[in-house]
file entry_13.cif (mmCIF, C-alpha atoms)
data_start
loop_
_atom_site.label_atom_id
_atom_site.label_comp_id
_atom_site.auth_asym_id
_atom_site.auth_seq_id
_atom_site.Cartn_x
_atom_site.Cartn_y
_atom_site.Cartn_z
CA MET A 7 -40.80 50.65 26.38
CA LYS A 8 -43.46 48.62 24.61
CA ARG A 9 -45.55 51.72 24.09
CA VAL A 10 -42.51 53.52 22.68
CA ILE A 11 -41.96 50.82 20.09
CA GLU A 12 -45.56 50.98 19.05
CA SER A 13 -45.33 54.74 18.63
CA LYS A 14 -42.59 54.20 16.01
CA GLU A 15 -44.29 51.35 14.26
CA VAL A 16 -47.78 52.68 13.70
CA ALA A 17 -48.11 52.89 9.93
CA GLY A 18 -48.87 56.17 8.27
CA GLN A 19 -48.47 58.11 11.45
CA SER A 20 -45.50 60.30 12.21
CA PRO A 21 -43.78 59.40 15.49
CA ASN A 22 -43.56 62.01 18.15
CA TYR A 23 -40.65 64.27 17.20
CA LEU A 24 -39.32 64.82 20.69
CA LEU A 25 -39.65 61.16 21.61
CA ALA A 26 -37.82 60.07 18.47
CA LYS A 27 -35.03 62.54 19.17
CA PHE A 28 -34.78 61.25 22.72
CA GLN A 29 -34.61 57.67 21.49
CA ASP A 30 -31.88 58.58 19.05
CA LEU A 31 -29.94 60.24 21.85
CA VAL A 32 -30.23 57.15 24.04
CA ASP A 33 -29.21 54.91 21.16
CA TRP A 34 -26.26 57.11 20.38
CA ALA A 35 -25.07 57.08 23.99
CA VAL A 36 -25.58 53.34 24.45
CA ASN A 37 -24.08 52.34 21.11
CA SER A 38 -21.04 54.59 21.46
CA SER A 39 -20.36 53.17 24.88
CA ARG A 40 -20.71 49.64 23.63
CA ALA A 41 -18.72 50.10 20.44
CA ASN A 42 -15.84 51.92 22.07
CA SER A 43 -15.27 49.48 24.91
CA LEU A 44 -15.57 46.07 23.32
CA TRP A 45 -13.94 43.37 25.40
CA PRO A 46 -12.85 40.51 23.17
CA MET A 47 -13.02 36.89 24.17
CA PRO A 48 -10.27 35.24 22.11
CA PHE A 49 -11.05 31.73 20.94
CA GLY A 50 -7.79 30.97 19.22
CA THR A 51 -7.39 27.52 17.72
CA ALA A 52 -4.77 27.90 15.00
CA CYS A 53 -2.40 30.22 13.18
CA CYS A 54 -5.00 33.02 13.11
CA ALA A 55 -4.50 33.22 16.86
CA ILE A 56 -0.89 34.24 16.21
CA GLU A 57 -2.08 37.12 14.05
CA PHE A 58 -4.64 37.91 16.71
CA MET A 59 -1.87 38.16 19.28
CA ALA A 60 0.06 40.43 16.93
CA THR A 61 -3.05 42.59 16.67
CA ALA A 62 -3.27 42.75 20.43
CA ALA A 63 0.40 43.51 20.94
CA SER A 64 2.06 46.90 20.91
CA ARG A 65 2.64 47.47 17.20
CA TYR A 66 -1.01 47.19 16.11
CA ASP A 67 -2.56 47.46 19.55
CA PHE A 68 -6.32 47.10 19.30
CA ALA A 69 -6.57 48.79 22.69
CA ARG A 70 -6.58 51.95 20.57
CA PHE A 71 -10.08 50.97 19.49
CA GLY A 72 -11.39 50.34 22.97
CA MET A 73 -10.53 46.65 23.20
CA GLU A 74 -8.47 47.46 26.22
CA ARG A 75 -8.98 44.30 28.15
CA GLN A 76 -9.01 40.81 26.75
CA ALA A 77 -11.58 38.86 28.67
CA PHE A 78 -10.44 35.29 29.10
CA SER A 79 -13.73 34.59 30.78
CA PRO A 80 -16.83 34.61 28.59
CA ARG A 81 -18.84 36.22 31.37
CA GLN A 82 -16.97 39.50 31.08
CA ALA A 83 -16.74 39.52 27.30
CA ASP A 84 -18.61 41.37 24.57
CA VAL A 85 -17.19 40.01 21.36
CA LEU A 86 -16.17 36.44 20.66
CA ILE A 87 -13.31 36.29 18.17
CA CYS A 88 -12.94 32.82 16.72
CA ALA A 89 -9.40 32.83 15.35
CA GLY A 90 -8.74 29.61 13.52
CA ARG A 91 -10.36 26.42 12.34
CA LEU A 92 -13.05 24.82 14.46
CA PRO A 93 -13.22 21.03 14.61
CA PHE A 94 -16.51 19.35 15.39
CA LYS A 95 -15.08 18.33 18.72
CA LEU A 96 -14.89 22.01 19.70
CA ALA A 97 -18.32 22.94 18.33
CA PRO A 98 -20.19 22.35 21.63
CA VAL A 99 -17.41 24.21 23.45
CA ILE A 100 -17.68 27.40 21.41
CA ARG A 101 -21.45 27.23 21.65
CA ARG A 102 -21.21 26.90 25.44
CA ILE A 103 -18.84 29.88 25.59
CA PHE A 104 -21.15 31.90 23.38
CA ASP A 105 -24.14 31.02 25.56
CA GLN A 106 -22.22 32.08 28.66
CA MET A 107 -21.53 35.55 27.29
CA PRO A 108 -24.03 38.17 28.48
CA GLN A 109 -26.06 40.16 25.99
CA PRO A 110 -25.27 42.25 24.03
CA LYS A 111 -22.64 40.07 22.33
CA TRP A 112 -21.08 39.94 18.94
CA VAL A 113 -18.99 37.39 17.06
CA ILE A 114 -16.09 37.95 14.69
CA SER A 115 -15.11 35.00 12.53
CA MET A 116 -11.43 35.50 11.82
CA GLY A 117 -9.85 33.82 8.83
CA ALA A 118 -10.91 31.52 6.04
CA CYS A 119 -11.22 28.40 8.18
CA ALA A 120 -13.47 29.91 10.83
CA SER A 121 -15.63 31.50 8.14
CA THR A 122 -15.96 28.61 5.68
CA GLY A 123 -13.85 25.67 6.77
CA GLY A 124 -11.12 26.91 4.43
CA ILE A 125 -8.84 24.22 3.08
CA PHE A 126 -10.14 21.77 5.67
CA ASP A 127 -13.08 20.43 3.71
CA ASN A 128 -12.96 17.14 5.59
CA TYR A 129 -14.65 14.94 8.13
CA ALA A 130 -13.34 16.70 11.22
CA MET A 131 -13.95 20.38 10.57
CA VAL A 132 -16.94 22.65 10.99
CA GLN A 133 -17.62 24.32 7.62
CA GLY A 134 -17.98 27.85 8.94
CA ILE A 135 -18.75 28.72 12.54
CA ASP A 136 -21.97 30.40 11.42
CA THR A 137 -23.49 26.92 11.55
CA ILE A 138 -22.82 27.02 15.31
CA VAL A 139 -23.04 30.64 16.43
CA PRO A 140 -24.37 33.78 14.69
CA VAL A 141 -21.49 35.72 13.13
CA ASP A 142 -21.46 39.51 12.77
CA VAL A 143 -18.22 40.13 10.89
CA TYR A 144 -16.26 37.73 8.68
CA VAL A 145 -12.59 38.61 8.29
CA PRO A 146 -11.14 36.90 5.21
CA GLY A 147 -7.52 35.89 4.92
CA CYS A 148 -5.31 32.93 5.61
CA PRO A 149 -4.50 34.22 8.14
CA PRO A 150 -5.71 37.83 7.96
CA ARG A 151 -3.09 40.44 8.66
CA PRO A 152 -3.60 42.53 11.81
CA GLU A 153 -4.83 45.38 9.63
CA GLY A 154 -7.52 43.05 8.36
CA LEU A 155 -8.70 42.17 11.83
CA LEU A 156 -8.65 45.84 12.84
CA TYR A 157 -10.76 46.66 9.80
CA GLY A 158 -13.17 43.95 10.88
CA VAL A 159 -13.33 45.48 14.34
CA LEU A 160 -14.06 48.90 12.83
CA LEU A 161 -16.82 47.35 10.73
CA LEU A 162 -18.22 45.87 13.91
CA HIS A 163 -18.15 49.35 15.48
CA LYS A 164 -20.15 50.61 12.54
CA LYS A 165 -22.63 47.79 12.90
CA ILE A 166 -23.04 48.39 16.63
CA LYS A 167 -23.65 52.08 16.04
CA GLY A 168 -26.51 51.14 13.72
CA GLU A 169 -28.34 49.17 16.37
CA SER A 170 -31.28 50.45 18.32
CA LEU A 171 -32.86 49.62 21.64
CA PHE A 172 -36.26 50.79 20.46
CA ASP A 173 -36.55 49.37 16.98
CA ALA A 174 -37.42 45.68 17.10
CA GLU A 175 -35.68 45.03 13.78
CA ARG A 176 -32.40 46.57 14.86
CA ARG A 177 -32.32 45.24 18.38
CA ARG A 178 -30.13 42.30 19.38
CA ASP A 179 -32.04 39.31 20.62
CA GLU A 180 -30.90 36.01 22.00
CA HIS A 181 -31.56 33.12 19.63
CA PRO A 182 -31.18 29.82 21.48
CA LEU A 183 -30.75 26.52 19.66
CA ASP A 184 -33.94 24.90 18.49
CA GLU A 185 -35.34 21.63 19.78
CA ARG A 186 -33.07 19.64 17.46
CA GLY A 187 -30.09 21.39 18.99
CA LEU A 188 -29.35 23.29 15.78
CA ARG A 189 -28.96 26.97 15.01
CA LEU A 190 -29.81 26.71 11.31
CA SER A 191 -32.08 24.27 9.56
CA PRO A 192 -30.38 21.11 8.23
CA ALA A 193 -30.95 22.29 4.65
CA GLU A 194 -29.19 25.58 5.35
CA ILE A 195 -26.27 23.84 7.03
CA ASP A 196 -25.86 21.50 4.07
CA GLU A 197 -26.03 24.45 1.70
CA VAL A 198 -23.40 26.58 3.41
CA SER A 199 -21.19 23.51 3.80
CA GLU A 200 -21.12 22.81 0.06
CA PRO A 201 -17.57 22.46 -1.25
CA PHE A 202 -16.06 25.18 -3.34
CA GLY A 203 -12.79 26.12 -5.00
CA ASN A 204 -10.45 23.29 -5.83
CA SER A 205 -12.34 20.72 -3.82
CA VAL A 206 -15.35 20.47 -6.16
CA HIS A 207 -14.00 17.30 -7.72
CA GLN A 208 -14.30 15.34 -4.51
CA PHE A 209 -17.63 13.70 -3.99
CA ARG A 210 -19.25 12.38 -0.89
CA SER A 211 -19.63 8.64 -1.24
CA SER A 212 -22.95 7.42 -0.07
CA MET B 24 17.54 -14.07 15.25
CA ILE B 25 14.26 -12.29 15.89
CA PRO B 26 11.46 -14.78 16.64
CA GLY B 27 8.74 -14.89 14.02
CA VAL B 28 10.60 -12.83 11.46
CA LEU B 29 9.24 -13.22 7.93
CA ARG B 30 11.58 -11.07 5.90
CA GLU B 31 13.80 -8.10 6.20
CA THR B 32 14.29 -5.06 4.00
CA VAL B 33 16.09 -1.76 4.13
CA ALA B 34 14.00 1.37 3.90
CA ARG B 35 14.95 4.18 1.54
CA ASP B 36 16.49 6.14 4.38
CA GLY B 37 18.75 3.22 5.20
CA GLU B 38 16.82 1.96 8.19
CA ARG B 39 16.31 -1.71 8.86
CA VAL B 40 12.74 -2.92 8.49
CA VAL B 41 11.67 -6.26 9.87
CA TYR B 42 8.39 -7.99 9.02
CA VAL B 43 7.10 -10.17 11.81
CA GLU B 44 4.38 -12.81 11.97
CA ARG B 45 1.26 -11.40 13.50
CA GLU B 46 0.82 -14.13 16.09
CA ARG B 47 4.42 -13.91 17.24
CA LEU B 48 4.63 -10.12 17.49
CA LEU B 49 4.69 -10.03 21.27
CA GLU B 50 7.36 -12.71 21.37
CA ALA B 51 9.50 -10.79 18.89
CA MET B 52 9.06 -7.51 20.73
CA THR B 53 9.92 -9.08 24.08
CA TRP B 54 13.02 -10.58 22.53
CA LEU B 55 14.02 -7.25 21.00
CA LYS B 56 13.59 -5.44 24.26
CA GLN B 57 15.16 -7.89 26.64
CA THR B 58 17.93 -9.65 24.77
CA PRO B 59 21.39 -8.30 25.59
CA GLY B 60 22.86 -6.87 22.43
CA GLN B 61 19.43 -5.80 21.17
CA ASP B 62 18.20 -3.59 24.04
CA TYR B 63 15.47 -1.78 22.13
CA ASP B 64 14.24 -0.05 25.26
CA TYR B 65 12.38 2.85 23.70
CA LEU B 66 9.21 2.73 21.60
CA VAL B 67 9.29 5.86 19.45
CA ASP B 68 5.98 5.50 17.65
CA VAL B 69 3.24 3.12 16.64
CA THR B 70 1.37 3.81 13.46
CA ALA B 71 -0.34 2.01 10.60
CA VAL B 72 -0.42 2.20 6.83
CA GLU B 73 -3.15 1.32 4.38
CA PHE B 74 -2.08 1.35 0.77
CA ARG B 75 -4.05 2.61 -2.17
CA ASP B 76 -3.54 -0.80 -3.72
CA ARG B 77 -6.35 -2.67 -2.00
CA GLU B 78 -4.59 -6.00 -2.61
CA ARG B 79 -1.81 -5.08 -0.25
CA PRO B 80 -2.36 -5.78 3.43
CA LEU B 81 -2.48 -3.10 6.08
CA GLU B 82 0.72 -2.64 8.03
CA VAL B 83 1.14 -1.78 11.68
CA VAL B 84 4.52 -0.14 12.11
CA TYR B 85 6.53 0.01 15.32
CA PHE B 86 9.49 2.37 15.53
CA LEU B 87 11.96 1.07 18.07
CA ARG B 88 15.10 2.70 19.37
CA SER B 89 17.85 1.49 21.61
CA LEU B 90 18.96 4.42 23.68
CA THR B 91 22.13 2.70 24.83
CA ARG B 92 23.19 1.35 21.44
CA LYS B 93 21.88 4.37 19.50
CA ALA B 94 20.25 2.02 17.01
CA ASP B 95 16.89 2.16 15.28
CA LEU B 96 14.64 -0.58 14.02
CA ARG B 97 11.27 -0.70 12.33
CA VAL B 98 9.04 -3.66 13.00
CA LYS B 99 6.05 -4.23 10.75
CA VAL B 100 3.09 -6.54 11.06
CA GLU B 101 0.90 -7.20 8.05
CA LEU B 102 -2.85 -7.48 8.50
CA ASP B 103 -5.17 -8.71 5.79
CA ALA B 104 -7.92 -6.12 5.38
CA ALA B 105 -10.50 -8.83 4.81
CA GLY B 106 -9.59 -10.65 7.98
CA GLU B 107 -9.67 -9.63 11.61
CA LEU B 108 -7.80 -6.38 12.19
CA ALA B 109 -6.20 -7.20 15.51
CA VAL B 110 -2.71 -7.51 16.95
CA ASP B 111 -1.38 -8.00 20.44
CA SER B 112 -0.79 -4.86 22.44
CA VAL B 113 2.79 -4.05 23.37
CA TRP B 114 1.58 -1.98 26.30
CA GLY B 115 2.99 -4.57 28.67
CA LEU B 116 6.48 -3.92 27.32
CA TRP B 117 6.34 -0.17 26.79
CA HIS B 118 3.61 1.70 28.68
CA GLY B 119 4.13 4.54 26.23
CA ALA B 120 2.28 2.46 23.66
CA ASP B 121 -0.98 3.26 25.44
CA TRP B 122 -1.99 6.41 23.57
CA LEU B 123 -0.14 5.44 20.40
CA GLU B 124 -2.20 2.30 20.05
CA ARG B 125 -5.34 4.20 20.90
CA GLU B 126 -4.60 6.57 18.02
CA VAL B 127 -4.10 3.68 15.60
CA PHE B 128 -7.36 2.19 16.82
CA ASP B 129 -9.14 5.52 16.43
CA MET B 130 -7.89 6.18 12.91
CA PHE B 131 -7.71 2.67 11.43
CA GLY B 132 -9.95 0.51 13.57
CA ILE B 133 -7.19 -1.93 14.40
CA THR B 134 -7.79 -3.45 17.82
CA PHE B 135 -4.95 -4.20 20.17
CA ARG B 136 -5.52 -7.29 22.27
CA GLY B 137 -4.59 -6.75 25.89
CA HIS B 138 -4.64 -2.97 25.75
CA PRO B 139 -5.84 -1.65 29.13
CA ASP B 140 -8.00 1.18 27.85
CA LEU B 141 -8.71 0.93 24.13
CA ARG B 142 -11.04 3.80 23.19
CA ARG B 143 -10.95 6.69 20.77
CA ILE B 144 -8.43 9.41 21.46
CA LEU B 145 -8.63 12.03 18.69
CA MET B 146 -12.25 11.73 17.64
CA TRP B 147 -14.87 11.99 20.34
CA GLU B 148 -16.04 8.72 21.78
CA THR B 149 -19.56 8.84 20.42
CA TYR B 150 -18.16 9.27 16.91
CA ALA B 151 -20.12 6.85 14.74
CA GLU B 152 -18.87 7.43 11.21
CA GLY B 153 -16.05 4.92 11.20
CA PHE B 154 -12.29 5.13 11.02
CA PRO B 155 -11.12 8.25 9.17
CA LEU B 156 -7.76 7.13 7.82
CA ARG B 157 -9.09 4.00 6.13
CA LYS B 158 -9.12 4.19 2.36
CA ASP B 159 -12.83 3.40 2.15
CA PHE B 160 -13.64 6.38 4.37
CA PRO B 161 -14.97 9.34 2.35
CA LEU B 162 -13.00 12.54 2.94
CA ARG B 163 -15.97 14.45 4.27
CA GLY B 164 -17.27 11.69 6.48
CA ARG B 165 -20.27 9.45 6.02
CA PHE B 166 -22.98 11.67 7.46
CA SER B 167 -24.34 14.87 5.97
CA ARG B 168 -22.93 18.12 7.26
CA ALA B 169 -26.20 18.88 9.02
CA GLU B 170 -26.10 15.57 10.83
CA GLN B 171 -22.47 16.09 11.79
CA VAL B 172 -23.28 19.54 13.20
CA ARG B 173 -26.30 18.16 15.03
CA GLN B 174 -24.30 15.39 16.67
CA ALA B 175 -21.48 17.78 17.56
CA LEU B 176 -23.81 20.37 19.11
CA ASN B 177 -25.62 17.72 21.12
CA ALA B 178 -22.39 16.46 22.65
CA ASN B 179 -21.69 17.37 26.24
CA PRO B 180 -18.51 19.47 26.29
CA GLU B 181 -18.05 18.87 30.00
CA ALA B 182 -18.22 15.09 29.94
CA HIS B 183 -15.36 13.59 31.86
CA TYR B 184 -14.34 10.32 33.41
CA SER B 185 -14.40 9.23 36.96
CA LEU B 186 -11.23 7.74 38.35
CA ASP B 187 -12.93 4.37 38.22
CA GLU B 188 -13.24 4.67 34.49
CA LEU B 189 -9.71 5.87 34.03
CA SER B 190 -7.03 3.27 34.40
CA ILE B 191 -5.32 5.53 36.94
CA ALA B 192 -7.64 4.01 39.51
CA ASP B 193 -5.87 0.67 39.14
CA ALA B 194 -2.51 2.28 39.68
CA TRP B 195 -3.66 4.09 42.79
CA GLY B 196 -1.30 2.21 45.07
CA ASP B 197 1.69 3.01 42.88
CA LEU B 198 1.14 6.76 42.72
CA PRO B 199 3.46 9.06 44.65
CA ASP B 200 2.01 10.54 47.83
CA ASP B 201 1.77 14.13 46.62
CA MET B 202 -0.11 13.10 43.50
CA ARG B 203 -2.50 11.03 45.57
CA GLU B 204 -3.18 14.04 47.77
CA ARG B 205 -3.78 16.25 44.77
CA LEU B 206 -6.19 13.79 43.19
CA LYS B 207 -8.11 13.40 46.45
CA ARG B 208 -8.76 17.11 46.54
CA GLY B 209 -9.75 17.21 42.89
CA GLU B 210 -13.21 17.50 41.46
CA ARG B 211 -13.37 14.01 40.05
CA GLY B 212 -15.26 12.52 42.93
CA VAL B 213 -14.41 9.90 45.49
CA VAL B 214 -11.21 7.99 44.98
CA PRO B 215 -11.12 4.31 45.90
CA GLU B 216 -8.67 3.65 48.69
#
call {"tool": "encode", "arguments": {"input": "entry_13.cif", "output": "structure tokens"}}
result
Amino acid sequence: MKRVIESKEVAGQSPNYLLAKFQDLVDWAVNSSRANSLWPMPFGTACCAIEFMATAASRYDFARFGMERQAFSPRQADVLICAGRLPFKLAPVIRRIFDQMPQPKWVISMGACASTGGIFDNYAMVQGIDTIVPVDVYVPGCPPRPEGLLYGVLLLHKKIKGESLFDAERRRDEHPLDERGLRLSPAEIDEVSEPFGNSVHQFRSS
Amino acid sequence: MIPGVLRETVARDGERVVYVERERLLEAMTWLKQTPGQDYDYLVDVTAVEFRDRERPLEVVYFLRSLTRKADLRVKVELDAAGELAVDSVWGLWHGADWLEREVFDMFGITFRGHPDLRRILMWETYAEGFPLRKDFPLRGRFSRAEQVRQALNANPEAHYSLDELSIADAWGDLPDDMRERLKRGERGVVPE
């Protein structure tokens, strides 16, 4: 496969037409299979989990989009859906669950709290789960309606269908925590954790 | 007459509130529980209050109920914030006070003398930023967000206690047989006989 990648990356040189077509066919087959049979791993911590259950139940029924089986074990799951706020106490837990999921894996951050910390701009709450695990789709809302989550799932389908096994830039790679045990640099974590909205008047005392 | 009572008020909802001397709390509670005619046999809740007015002392509040008399009582102990934040544990009277007092300790830093297992209950045990419900505690914690994330991610999510560490080990002889069997087969290691 290494040679194949090189054949696409050599600058100024047209890749082999038949090979490129073959790669596209493989990508199409792999990505369609992946996108249309996503098994969600629900990580429900708050009221978003109620909306998640409504999405899973008969009226909205995300089995229509291939999420037929909810995997309550991370080892059989494809997409981690964090539905609800994440306290610091649960941060190592969600990271452990994410690490246990086999590649390829995706993460949906459902709701304002999972995405940004939401109204919980306080000492106990992770300010966005993207400081802990890489997030593919953010679903806004407090909580999002089932339609919102379904739209997020469809966006994830679209994203998966744009991936490629052969293109290094569009391939999914595992990114373990660095030697400090962090996913982002401290400066980035501080930046994304900055307060916003009506909490700007509260200052951190030193 | 309740031993050690300082003064008595009526709360806005009509409930009786009794302020008790700190050093005589245990005596007062024992009296309230065991005296016929009082019979406060149920401890509903233990909590604490710190007021925005820093001059006012902290209060530890005990909600008592007598199940037979259908009567409620609030007992308060005042603690000077500048002094030692400690009261006697009422665990010996009501075992239900165990986790309630641990929560007050976790959130306010008030220690309960004689508590069998006083450690944090809501925050994780390596939490080093202080006591979150104190008025001098900044809303977002004392550390930077990056440091908070770093400490959280470096915690071991599978840390657990051996039976030796848990106070259940002391009560081993009092446990019912089926529970003893279950615990023996559990994953928590060897159980002292």
call {"tool": "closest_residue", "arguments": {"input": "entry_13.cif", "among": "A:Ala174, A:Leu161, A:Leu92, A:Leu31", "to": "A:Phe126", "atoms": "all atoms listed in the file"}}
result
A:Leu92
call {"tool": "atom_distance", "arguments": {"input": "entry_13.cif", "atom1": "atom CA of B:Asp64", "atom2": "atom CA of B:Val98"}}
result
13.8 Å
call {"tool": "resolve_selection", "arguments": {"input": "entry_13.cif", "expression": "the PyMOL selection byres ((chain B) within 12 of (chain A))", "output": "PyMOL selection string"}}
result
chain B and resi 130+144-156+158-182
call {"tool": "closest_residue", "arguments": {"input": "entry_13.cif", "among": "B:Tyr42, B:Ala120, B:Met24, B:Glu101", "to": "B:Glu73", "atoms": "all atoms listed in the file"}}
result
B:Glu101
call {"tool": "residues_around", "arguments": {"input": "entry_13.cif", "residues": "stretch 35-37 of chain A", "least_positions_apart": "4", "cutoff": "9 Å", "atoms": "only C-alpha atoms", "output": "ChimeraX atom specification"}}
result
/A:30-31,41-42,163,166-171
call {"tool": "write_last_selection", "arguments": {"input": "entry_13.cif", "atoms": "C-alpha atoms", "output": "mmCIF file, in the coordinates of the input"}}
result
data_model
loop_
_atom_site.group_PDB
_atom_site.id
_atom_site.type_symbol
_atom_site.label_atom_id
_atom_site.label_comp_id
_atom_site.auth_asym_id
_atom_site.auth_seq_id
_atom_site.Cartn_x
_atom_site.Cartn_y
_atom_site.Cartn_z
ATOM 1 C CA ASP A 30 -31.880 58.580 19.050
ATOM 2 C CA LEU A 31 -29.940 60.240 21.850
ATOM 3 C CA ALA A 41 -18.720 50.100 20.440
ATOM 4 C CA ASN A 42 -15.840 51.920 22.070
ATOM 5 C CA HIS A 163 -18.150 49.350 15.480
ATOM 6 C CA ILE A 166 -23.040 48.390 16.630
ATOM 7 C CA LYS A 167 -23.650 52.080 16.040
ATOM 8 C CA GLY A 168 -26.510 51.140 13.720
ATOM 9 C CA GLU A 169 -28.340 49.170 16.370
ATOM 10 C CA SER A 170 -31.280 50.450 18.320
ATOM 11 C CA LEU A 171 -32.860 49.620 21.640
#
call {"tool": "resolve_selection", "arguments": {"input": "entry_13.cif", "expression": "the PyMOL selection byres ((chain A and resi 76-87) around 10)", "output": "VMD selection string"}}
result
chain A and resid 40 to 41 43 to 50 55 58 62 69 73 to 75 88 to 90 100 102 to 116 120 139 141 to 143 155 159 162
call {"tool": "resolve_selection", "arguments": {"input": "entry_13.cif", "expression": "the PyMOL selection byres ((chain B and resi 31) around 8)", "output": "list in words"}}
result
Val28, Leu29, Arg30, Thr32, Val33, Arg39, Val40, Val41 and Tyr42 of chain B
call {"tool": "build_atoms", "arguments": {"input": "entry_13.cif", "residues": "stretch 103-120 of chain B", "atoms": "N, CA and C atoms", "output": "compact mmCIF listing (two decimals), keeping the file's coordinate frame"}}
result
# COMPACT_ATOMS: atom_id res chain seq x y z
N ASP B 103 -4.30 -8.61 6.97
CA ASP B 103 -5.17 -8.71 5.79
C ASP B 103 -6.45 -7.91 6.06
N ALA B 104 -6.77 -7.00 5.15
CA ALA B 104 -7.92 -6.12 5.38
C ALA B 104 -9.22 -6.90 5.46
N ALA B 105 -9.27 -8.05 4.78
CA ALA B 105 -10.50 -8.83 4.81
C ALA B 105 -10.65 -9.59 6.12
N GLY B 106 -9.53 -9.86 6.76
CA GLY B 106 -9.59 -10.65 7.98
C GLY B 106 -9.79 -9.78 9.21
N GLU B 107 -9.50 -10.36 10.36
CA GLU B 107 -9.67 -9.63 11.61
C GLU B 107 -8.51 -8.65 11.78
N LEU B 108 -8.84 -7.38 12.02
CA LEU B 108 -7.80 -6.38 12.19
C LEU B 108 -7.44 -6.31 13.68
N ALA B 109 -6.56 -7.19 14.09
CA ALA B 109 -6.20 -7.20 15.51
C ALA B 109 -4.77 -7.69 15.67
N VAL B 110 -4.05 -7.04 16.57
CA VAL B 110 -2.71 -7.51 16.95
C VAL B 110 -2.63 -7.45 18.46
N ASP B 111 -1.58 -8.07 18.99
CA ASP B 111 -1.38 -8.00 20.44
C ASP B 111 -0.85 -6.62 20.81
N SER B 112 -1.28 -6.14 21.96
CA SER B 112 -0.79 -4.86 22.44
C SER B 112 0.61 -5.02 23.01
N VAL B 113 1.46 -4.02 22.76
CA VAL B 113 2.79 -4.05 23.37
C VAL B 113 2.83 -3.18 24.61
N TRP B 114 1.65 -2.84 25.12
CA TRP B 114 1.58 -1.98 26.30
C TRP B 114 2.33 -2.60 27.48
N GLY B 115 2.30 -3.92 27.57
CA GLY B 115 2.99 -4.57 28.67
C GLY B 115 4.49 -4.37 28.64
N LEU B 116 5.03 -4.13 27.44
CA LEU B 116 6.48 -3.92 27.32
C LEU B 116 6.85 -2.45 27.45
N TRP B 117 6.10 -1.61 26.73
CA TRP B 117 6.34 -0.17 26.79
C TRP B 117 5.01 0.48 27.14
N HIS B 118 4.87 1.06 28.33
CA HIS B 118 3.61 1.70 28.68
C HIS B 118 3.30 2.89 27.78
N GLY B 119 4.34 3.42 27.15
CA GLY B 119 4.13 4.54 26.23
C GLY B 119 3.29 4.17 25.03
N ALA B 120 3.09 2.88 24.80
CA ALA B 120 2.28 2.46 23.66
C ALA B 120 0.80 2.74 23.88
